[in-house]
Amino acid sequence: MRTPLATAIAVTLAGLAPDLARAQPGTTPVVLASPEVDLPPARTRSPGTALALSLGGTAAAYAMVAWGTAAPGSAAGQTLGWVGAGSALIAPSLGQWYAGEGFTTGLGLRLGGASMGAVGAIGLMRCAERSGDVVPSCPGSMLLLVGASGLVLTGIIHDIATAPRAARRFNTRAAERRRASVQAVPALVSAGGARAPGLGLAGTF
């Protein structure tokens, strides 16, 4: 979050200040020159870091799922598997969040796919209880599961692939805010015991 800091840099020519104080409007042309202003560097995000967060987080989440699946009888393995499954929904968005994005398209796709998959899984279990023959008697539930897998996979690929682009967008916005943060404003400057009109630079950093 940016912290607004109202700053005013008074700009005047010391040698002209007494003349400005005595001069009548319109009789003495005066040119005020502003020096170079050394602005603080804009905050940036690394596209490589954004990609590493999304890709590495997703890999770690699915590694936990695989580890939990390999030890089905272990309470610790089951817990790790569930934690990994939950992490797999959000981990691809880590790079996007690092780049200042909020609710991403990929996250929406994954949540939609997870909801669809839950409905399909419940339907399959009910079919299995009724007939014992899951696939032939439950084509609708199978289609839901296939569609859910496609949504989740698409959401993962989307957020990982666009994480570097999100970081570059962040950097572009930061540079634009930095350029727009300084404005020229009128100011009164005390010089030689008198006040003279001057030019100030007001900024928010």
# chains A, B, ... in the order shown; residues from 1 in each chain; ligands from 1

$ residues_around --residues "Ser46 in chain A" --least-positions-apart "3" --cutoff "7 Å" --atoms "only C-alpha atoms" --output "CSV table (one decimal) with N, CA, C and O atoms, in the first residue's frame"
chain,number,residue,atom,x,y,z
A,49,THR,N,10.2,-14.5,-10.7
A,49,THR,CA,9.7,-14.9,-9.4
A,49,THR,C,8.3,-15.3,-9.4
A,49,THR,O,7.8,-16.3,-8.8
A,50,ALA,N,7.5,-14.5,-10.2
A,50,ALA,CA,6.0,-14.8,-10.3
A,50,ALA,C,5.8,-16.2,-10.9
A,50,ALA,O,5.0,-17.0,-10.4
A,167,ALA,N,3.2,-9.9,-13.6
A,167,ALA,CA,4.3,-9.1,-13.0
A,167,ALA,C,4.7,-7.9,-13.9
A,167,ALA,O,4.9,-6.8,-13.4

$ residues_around --residues "range 85-87 of chain A" --least-positions-apart "5" --cutoff "10 Å" --atoms "only C-alpha atoms" --output "count of residues only"
13

$ closest_residue --among "A:Leu94, A:Trp67, A:Phe103, A:Arg177" --to "Gly81 in chain A" --atoms "only C-alpha atoms"
A:Trp67

$ atom_distance --atom1 "CA of Gly95 in chain A" --atom2 "CA of Ser115 in chain A"
23.5 Å

$ residues_around --residues "Arg165 in chain A" --least-positions-apart "4" --cutoff "12 Å" --atoms "only C-alpha atoms" --output "list in words"
Arg45, Ser46, Pro47, Gly48, Thr49, Ala50, Leu51, Gly95, Gln96, Tyr98, Ala99, Gly100, Glu101, His158, Asp159, Ile160, Ala161, Arg169, Phe170, Asn171 and Thr172 of chain A

$ write_last_selection --atoms "all heavy atoms" --output "short mmCIF file (atom, residue, chain, number, x, y, z; two decimals), in the first residue's frame"
data_model
loop_
_atom_site.label_atom_id
_atom_site.label_comp_id
_atom_site.auth_asym_id
_atom_site.auth_seq_id
_atom_site.Cartn_x
_atom_site.Cartn_y
_atom_site.Cartn_z
N ARG A 45 7.99 -6.01 -9.68
CA ARG A 45 7.83 -7.44 -9.44
C ARG A 45 8.57 -8.19 -10.53
O ARG A 45 8.51 -7.82 -11.70
CB ARG A 45 6.34 -7.84 -9.43
CG ARG A 45 5.54 -7.22 -8.29
CD ARG A 45 5.95 -7.83 -6.96
NE ARG A 45 5.14 -7.32 -5.87
CZ ARG A 45 5.46 -6.32 -5.10
NH1 ARG A 45 6.59 -5.65 -5.33
NH2 ARG A 45 4.68 -5.94 -4.11
N SER A 46 9.24 -9.26 -10.15
CA SER A 46 10.03 -10.03 -11.10
C SER A 46 9.15 -11.06 -11.81
O SER A 46 8.51 -11.88 -11.14
CB SER A 46 11.17 -10.75 -10.36
OG SER A 46 11.76 -11.73 -11.19
N PRO A 47 9.10 -11.05 -13.14
CA PRO A 47 8.34 -12.08 -13.86
C PRO A 47 8.84 -13.49 -13.55
O PRO A 47 8.04 -14.43 -13.46
CB PRO A 47 8.55 -11.72 -15.34
CG PRO A 47 8.82 -10.24 -15.32
CD PRO A 47 9.60 -10.00 -14.06
N GLY A 48 10.16 -13.63 -13.39
CA GLY A 48 10.70 -14.95 -13.06
C GLY A 48 10.25 -15.44 -11.70
O GLY A 48 9.93 -16.63 -11.52
N THR A 49 10.21 -14.54 -10.72
CA THR A 49 9.74 -14.93 -9.39
C THR A 49 8.27 -15.30 -9.43
O THR A 49 7.83 -16.26 -8.77
CB THR A 49 9.96 -13.77 -8.41
OG1 THR A 49 11.35 -13.46 -8.35
CG2 THR A 49 9.47 -14.13 -7.01
N ALA A 50 7.46 -14.54 -10.20
CA ALA A 50 6.03 -14.85 -10.31
C ALA A 50 5.83 -16.25 -10.90
O ALA A 50 5.01 -17.04 -10.40
CB ALA A 50 5.34 -13.80 -11.18
N LEU A 51 6.59 -16.58 -11.94
CA LEU A 51 6.48 -17.90 -12.54
C LEU A 51 6.93 -18.98 -11.57
O LEU A 51 6.29 -20.04 -11.45
CB LEU A 51 7.32 -17.96 -13.82
CG LEU A 51 7.34 -19.29 -14.55
CD1 LEU A 51 5.95 -19.69 -14.99
CD2 LEU A 51 8.29 -19.23 -15.75
N GLY A 95 1.79 -16.74 -8.03
CA GLY A 95 2.53 -15.75 -8.81
C GLY A 95 1.67 -14.56 -9.18
O GLY A 95 2.14 -13.42 -9.21
N GLN A 96 0.37 -14.81 -9.44
CA GLN A 96 -0.54 -13.71 -9.75
C GLN A 96 -0.73 -12.81 -8.53
O GLN A 96 -0.75 -11.57 -8.65
CB GLN A 96 -1.90 -14.30 -10.18
CG GLN A 96 -1.84 -15.25 -11.34
CD GLN A 96 -1.93 -14.55 -12.67
OE1 GLN A 96 -2.20 -13.36 -12.74
NE2 GLN A 96 -1.71 -15.29 -13.75
N TYR A 98 1.37 -12.41 -6.06
CA TYR A 98 2.64 -11.70 -5.90
C TYR A 98 2.68 -10.46 -6.78
O TYR A 98 3.25 -9.43 -6.42
CB TYR A 98 3.78 -12.66 -6.22
CG TYR A 98 5.11 -12.03 -6.50
CD1 TYR A 98 5.91 -11.52 -5.47
CD2 TYR A 98 5.60 -11.94 -7.81
CE1 TYR A 98 7.15 -10.94 -5.74
CE2 TYR A 98 6.83 -11.37 -8.08
CZ TYR A 98 7.60 -10.87 -7.04
OH TYR A 98 8.83 -10.31 -7.31
N ALA A 99 2.07 -10.57 -7.96
CA ALA A 99 2.05 -9.45 -8.91
C ALA A 99 0.88 -8.50 -8.66
O ALA A 99 0.60 -7.65 -9.51
CB ALA A 99 1.98 -9.99 -10.34
N GLY A 100 0.19 -8.64 -7.55
CA GLY A 100 -0.86 -7.70 -7.20
C GLY A 100 -2.23 -8.01 -7.77
O GLY A 100 -3.14 -7.20 -7.66
N GLU A 101 -2.40 -9.17 -8.37
CA GLU A 101 -3.71 -9.55 -8.90
C GLU A 101 -4.59 -10.08 -7.76
O GLU A 101 -4.10 -10.52 -6.73
CB GLU A 101 -3.57 -10.62 -9.99
CG GLU A 101 -2.71 -10.20 -11.16
CD GLU A 101 -3.36 -9.10 -12.00
OE1 GLU A 101 -4.61 -9.03 -12.01
OE2 GLU A 101 -2.62 -8.32 -12.62
N HIS A 158 -3.53 -21.75 -17.05
CA HIS A 158 -3.75 -20.32 -17.26
C HIS A 158 -2.96 -19.48 -16.25
O HIS A 158 -2.23 -18.55 -16.64
CB HIS A 158 -5.24 -19.99 -17.15
CG HIS A 158 -5.54 -18.53 -17.29
ND1 HIS A 158 -5.44 -17.63 -16.25
CD2 HIS A 158 -5.91 -17.79 -18.38
CE1 HIS A 158 -5.76 -16.43 -16.66
NE2 HIS A 158 -6.04 -16.49 -17.95
N ASP A 159 -3.10 -19.79 -14.97
CA ASP A 159 -2.45 -18.95 -13.96
C ASP A 159 -0.93 -19.08 -13.99
O ASP A 159 -0.21 -18.10 -13.75
CB ASP A 159 -2.97 -19.31 -12.56
CG ASP A 159 -4.26 -18.57 -12.25
OD1 ASP A 159 -4.73 -17.79 -13.10
OD2 ASP A 159 -4.81 -18.76 -11.14
N ILE A 160 -0.42 -20.27 -14.28
CA ILE A 160 1.03 -20.42 -14.37
C ILE A 160 1.58 -19.68 -15.59
O ILE A 160 2.58 -18.96 -15.50
CB ILE A 160 1.41 -21.92 -14.43
CG1 ILE A 160 1.08 -22.60 -13.09
CG2 ILE A 160 2.89 -22.08 -14.75
CD1 ILE A 160 1.31 -24.09 -13.10
N ALA A 161 0.90 -19.83 -16.71
CA ALA A 161 1.40 -19.23 -17.95
C ALA A 161 1.33 -17.71 -17.94
O ALA A 161 2.17 -17.04 -18.57
CB ALA A 161 0.61 -19.77 -19.14
N ARG A 169 2.67 -6.35 -15.96
CA ARG A 169 1.60 -5.36 -15.84
C ARG A 169 1.77 -4.55 -14.56
O ARG A 169 1.55 -3.33 -14.55
CB ARG A 169 0.23 -6.05 -15.83
CG ARG A 169 -0.25 -6.50 -17.20
CD ARG A 169 -1.75 -6.76 -17.19
NE ARG A 169 -2.14 -7.73 -16.19
CZ ARG A 169 -2.25 -9.03 -16.40
NH1 ARG A 169 -1.98 -9.52 -17.60
NH2 ARG A 169 -2.63 -9.84 -15.43
N PHE A 170 2.13 -5.22 -13.48
CA PHE A 170 2.37 -4.51 -12.22
C PHE A 170 3.46 -3.46 -12.40
O PHE A 170 3.33 -2.32 -11.94
CB PHE A 170 2.77 -5.51 -11.14
CG PHE A 170 3.06 -4.87 -9.80
CD1 PHE A 170 2.07 -4.79 -8.83
CD2 PHE A 170 4.32 -4.37 -9.51
CE1 PHE A 170 2.34 -4.20 -7.60
CE2 PHE A 170 4.59 -3.78 -8.29
CZ PHE A 170 3.59 -3.70 -7.33
N ASN A 171 4.56 -3.83 -13.06
CA ASN A 171 5.67 -2.90 -13.26
C ASN A 171 5.26 -1.72 -14.13
O ASN A 171 5.68 -0.58 -13.89
CB ASN A 171 6.85 -3.64 -13.89
CG ASN A 171 7.42 -4.71 -12.98
OD1 ASN A 171 7.22 -4.67 -11.77
ND2 ASN A 171 8.12 -5.67 -13.56
N THR A 172 4.44 -1.97 -15.14
CA THR A 172 3.96 -0.88 -15.99
C THR A 172 3.10 0.09 -15.21
O THR A 172 3.25 1.31 -15.31
CB THR A 172 3.16 -1.46 -17.18
OG1 THR A 172 4.01 -2.32 -17.95
CG2 THR A 172 2.64 -0.34 -18.06
#

$ residues_around --residues "range 142-152 of chain A" --least-positions-apart "4" --cutoff "8 Å" --atoms "only C-alpha atoms" --output "ChimeraX atom specification"
/A:109-117,119-121,124,135,138,156

$ select_by_dssp --residues "range 34-102 of chain A" --states "alpha helix (DSSP H)" --output "PyMOL selection string"
chain A and resi 47-70+75-90+94-98

$ atom_distance --atom1 "CA of Arg43 in chain A" --atom2 "CA of Ala174 in chain A"
6.4 Å

$ atom_distance --atom1 "CA of Gly56 in chain A" --atom2 "CA of Gly106 in chain A"
16.2 Å

$ closest_residue --among "A:Ala175, A:Ala52, A:Ile90, A:Gly84" --to "Thr105 in chain A" --atoms "only C-alpha atoms"
A:Ile90
